[in-house]
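Engineer: Here it is, the structure, as structure tokens.
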Amino acid sequence: MKKILKEFKEFVTRGNVIDLAVGMIIGAAFTAIVTALVNGVFKPLINAIPMGDMSGLITMLRPEYMINADGDKVLDLAASVYINWGDLIMAIVNFLLTAIILFAIIKVINTIREGAEKYGGVKIDKELKAQLKARGMNKKQMQEYVLAQKAEEEAKAAAEAEKNKPETSEQILAEIRELLKGLQK
């Protein structure tokens, strides 16, 4: 039981769960904004499109009429059964607007994240990331590991370059002097 509680605590305190919760809250607020825009602006415009003798995009299945105060017979939409095509179109518009705006937001976030990795962070390929994650490393530890590996590779490359560096004429003359001193003794 303690193991399960420990795993649950690790799961909840991980950054991904908190990010998900924040995303859900922002998504709900954003959806409310888009829904208000669609219902307040687009829906009246689309429902104003005339369709036959009706005043909007509806298909009447069972009309019910009532007598108004002037004694005229008028359509009672509350009691009638009809299909409101405007609502369907508005749901589609709502979905498309939400998807387009969320795509744009995610695109900006990914661009910023890629820029941060390029100029300050460390780009870790998926395979290495999976291996390091299996070792129990968090993101910061993975970046430190990759930076250490790069520094080690650069040090080895610098040492190899120094070793393979051609000798200068001064170094050659110094070696010849040392050899001549050794012969004179």
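Note on naming: chains are A, B, ... as they come in the structure tokens, residues start from 1 per chain, ligands start from 1 in the order shown.
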Leaving out Leu77 (chain A) and any residue of its chain fewer than 5 positions from it, which residues lie within 12 Å of it when counting only C-alpha atoms, given as a VMD selection string?

Structural biologist: chain A and resid 54 to 55 58 to 66 82 to 84

Engineer: Which residue out of A:Leu88, A:Met24, A:Ala69, A:Ile124 has the minimum interatomic distance to Lys140 (chain A) when only C-alpha atoms are used?

Structural biologist: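 Distance minimum relative to Lys140 (chain A) lands on A:Ile124.
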
Engineer: Write out, as CSV, each residue of region 91-133 of chain A that has an atom at most 10 Å from region 26-41 of chain A, together with the closest pair of atoms and their distance in Å to one decimal, counting only C-alpha atoms, rows going by chain and rising number.

Structural biologist:
```
residue,atom,partner,partner_atom,distance
A:Ala91,CA,A:Val38,CA,8.4
A:Ile92,CA,A:Val38,CA,10.0
A:Val93,CA,A:Val38,CA,7.3
A:Asn94,CA,A:Val38,CA,6.1
A:Phe95,CA,A:Val34,CA,8.9
A:Leu97,CA,A:Val34,CA,7.2
A:Thr98,CA,A:Val34,CA,6.7
A:Ile101,CA,A:Val34,CA,9.6
A:Leu102,CA,A:Gly27,CA,8.9
```

Engineer: Write the residues you've just listed into a file as a PDB file, in the first residue's frame, and include N, CA and C atoms for each of them.

Structural biologist:
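File written: selection26.pdb
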```pdb
ATOM      1  N   ALA A  91     -21.772  24.581 -34.195  1.00  0.00           N
ATOM      2  CA  ALA A  91     -20.895  23.632 -33.505  1.00  0.00           C
ATOM      3  C   ALA A  91     -19.649  23.358 -34.348  1.00  0.00           C
ATOM      4  N   ILE A  92     -19.842  23.238 -35.656  1.00  0.00           N
ATOM      5  CA  ILE A  92     -18.703  23.012 -36.551  1.00  0.00           C
ATOM      6  C   ILE A  92     -17.788  24.240 -36.568  1.00  0.00           C
ATOM      7  N   VAL A  93     -18.377  25.432 -36.666  1.00  0.00           N
ATOM      8  CA  VAL A  93     -17.578  26.668 -36.650  1.00  0.00           C
ATOM      9  C   VAL A  93     -16.846  26.795 -35.315  1.00  0.00           C
ATOM     10  N   ASN A  94     -17.537  26.491 -34.222  1.00  0.00           N
ATOM     11  CA  ASN A  94     -16.929  26.536 -32.891  1.00  0.00           C
ATOM     12  C   ASN A  94     -15.714  25.611 -32.826  1.00  0.00           C
ATOM     13  N   PHE A  95     -15.880  24.393 -33.313  1.00  0.00           N
ATOM     14  CA  PHE A  95     -14.781  23.428 -33.311  1.00  0.00           C
ATOM     15  C   PHE A  95     -13.613  23.932 -34.154  1.00  0.00           C
ATOM     16  N   LEU A  97     -12.815  27.030 -35.110  1.00  0.00           N
ATOM     17  CA  LEU A  97     -12.147  28.184 -34.494  1.00  0.00           C
ATOM     18  C   LEU A  97     -11.262  27.749 -33.329  1.00  0.00           C
ATOM     19  N   THR A  98     -11.791  26.888 -32.480  1.00  0.00           N
ATOM     20  CA  THR A  98     -11.011  26.402 -31.341  1.00  0.00           C
ATOM     21  C   THR A  98      -9.766  25.665 -31.817  1.00  0.00           C
ATOM     22  N   ILE A 101      -7.143  28.181 -33.395  1.00  0.00           N
ATOM     23  CA  ILE A 101      -6.485  29.029 -32.403  1.00  0.00           C
ATOM     24  C   ILE A 101      -5.569  28.204 -31.512  1.00  0.00           C
ATOM     25  N   LEU A 102      -6.001  27.009 -31.092  1.00  0.00           N
ATOM     26  CA  LEU A 102      -5.129  26.158 -30.281  1.00  0.00           C
ATOM     27  C   LEU A 102      -3.903  25.711 -31.076  1.00  0.00           C
TER      28      LEU A 102
END
```

Engineer: Step one, run DSSP on the backbone; step two, keep only residues of chain A assigned to strand (DSSP E or B); then write them as a list of chain:residue names.

Structural biologist: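 Of chain A, the ones in strand (DSSP E or B) are A:Met51, A:Met54, A:Ile58, A:Thr59, A:Met60, A:Leu61, A:Arg62, A:Tyr65, A:Met66, A:Ile67, A:Lys73, A:Val74, A:Leu75, A:Val81, A:Tyr82, A:Ile83, A:Asn84.
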
Engineer: Need the shell around Gln141 (chain A): protein/DNA/RNA residues with any atom at most 10 Å away, counting only C-alpha atoms. Skip same-chain ones fewer than 6 positions apart. Format as number ranges by chain?

Structural biologist: A: 132-133, 147

Engineer: For each of A:Lys43, A:Lys150, A:Arg177, A:Lys156, take the minimum atom-to-atom distance to Asp87 (chain A), counting only C-alpha atoms, then give the residue where this is smallest.

Structural biologist: A:Lys43

Engineer: Using Å and a single decimal, report how far CA of Val146 (chain A) sits from CA of Lys6 (chain A).

Structural biologist: 28.8 Å

Engineer: Rounded to one decimal place, report the CA of Gln143 (chain A)-CA of Lys129 (chain A) distance in Å.

Structural biologist: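 That distance, rounded to one decimal, is 9.6 Å.
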
Engineer: Between CA of Leu128 (chain A) and CA of Met142 (chain A), what is the spacing in Å?

Structural biologist: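 Atom-to-atom, CA of Met142 (chain A) and CA of Leu128 (chain A) are spaced 9.1 Å apart.
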
Engineer: Could you write out, as a CSV table (one decimal) with N, CA, C and O atoms, in the first residue's frame, all the residues of region 38-96 of chain A that DSSP marks as alpha helix (DSSP H)?

Structural biologist:
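Result file is out_36.csv:
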```csv
chain,number,residue,atom,x,y,z
A,43,LYS,N,-23.7,32.8,-35.1
A,43,LYS,CA,-25.0,32.1,-35.1
A,43,LYS,C,-26.1,33.0,-35.6
A,43,LYS,O,-26.9,32.6,-36.5
A,44,PRO,N,-26.2,34.3,-35.1
A,44,PRO,CA,-27.3,35.1,-35.7
A,44,PRO,C,-27.1,35.4,-37.2
A,44,PRO,O,-28.1,35.4,-37.9
A,45,LEU,N,-25.9,35.5,-37.6
A,45,LEU,CA,-25.6,35.7,-39.1
A,45,LEU,C,-26.1,34.5,-39.9
A,45,LEU,O,-26.7,34.7,-41.0
A,46,ILE,N,-25.7,33.3,-39.4
A,46,ILE,CA,-26.0,32.1,-40.2
A,46,ILE,C,-27.5,31.8,-40.1
A,46,ILE,O,-28.2,31.4,-41.1
A,47,ASN,N,-28.2,32.0,-39.0
A,47,ASN,CA,-29.6,31.8,-38.8
A,47,ASN,C,-30.4,32.8,-39.6
A,47,ASN,O,-31.6,32.6,-39.9
A,85,TRP,N,-30.6,23.7,-38.1
A,85,TRP,CA,-29.3,23.5,-38.8
A,85,TRP,C,-28.3,24.5,-38.4
A,85,TRP,O,-27.1,24.3,-38.5
A,86,GLY,N,-28.7,25.7,-38.0
A,86,GLY,CA,-27.8,26.7,-37.6
A,86,GLY,C,-27.0,26.3,-36.4
A,86,GLY,O,-25.8,26.6,-36.3
A,87,ASP,N,-27.6,25.5,-35.4
A,87,ASP,CA,-26.9,25.0,-34.3
A,87,ASP,C,-25.8,24.0,-34.7
A,87,ASP,O,-24.6,24.0,-34.2
A,88,LEU,N,-26.1,23.2,-35.7
A,88,LEU,CA,-25.1,22.2,-36.2
A,88,LEU,C,-23.9,23.0,-36.9
A,88,LEU,O,-22.7,22.7,-36.6
A,89,ILE,N,-24.2,23.9,-37.7
A,89,ILE,CA,-23.2,24.7,-38.3
A,89,ILE,C,-22.4,25.5,-37.3
A,89,ILE,O,-21.1,25.6,-37.4
A,90,MET,N,-23.0,26.0,-36.3
A,90,MET,CA,-22.3,26.7,-35.2
A,90,MET,C,-21.4,25.8,-34.4
A,90,MET,O,-20.3,26.2,-34.1
A,91,ALA,N,-21.8,24.6,-34.2
A,91,ALA,CA,-20.9,23.6,-33.5
A,91,ALA,C,-19.6,23.4,-34.3
A,91,ALA,O,-18.5,23.3,-33.8
A,92,ILE,N,-19.8,23.2,-35.7
A,92,ILE,CA,-18.7,23.0,-36.6
A,92,ILE,C,-17.8,24.2,-36.6
A,92,ILE,O,-16.6,24.1,-36.5
A,93,VAL,N,-18.4,25.4,-36.7
A,93,VAL,CA,-17.6,26.7,-36.6
A,93,VAL,C,-16.8,26.8,-35.3
A,93,VAL,O,-15.7,27.1,-35.3
A,94,ASN,N,-17.5,26.5,-34.2
A,94,ASN,CA,-16.9,26.5,-32.9
A,94,ASN,C,-15.7,25.6,-32.8
A,94,ASN,O,-14.6,26.0,-32.4
A,95,PHE,N,-15.9,24.4,-33.3
A,95,PHE,CA,-14.8,23.4,-33.3
A,95,PHE,C,-13.6,23.9,-34.2
A,95,PHE,O,-12.5,23.9,-33.7
A,96,LEU,N,-13.9,24.4,-35.4
A,96,LEU,CA,-12.8,24.9,-36.3
A,96,LEU,C,-12.1,26.1,-35.7
A,96,LEU,O,-10.9,26.1,-35.7
```
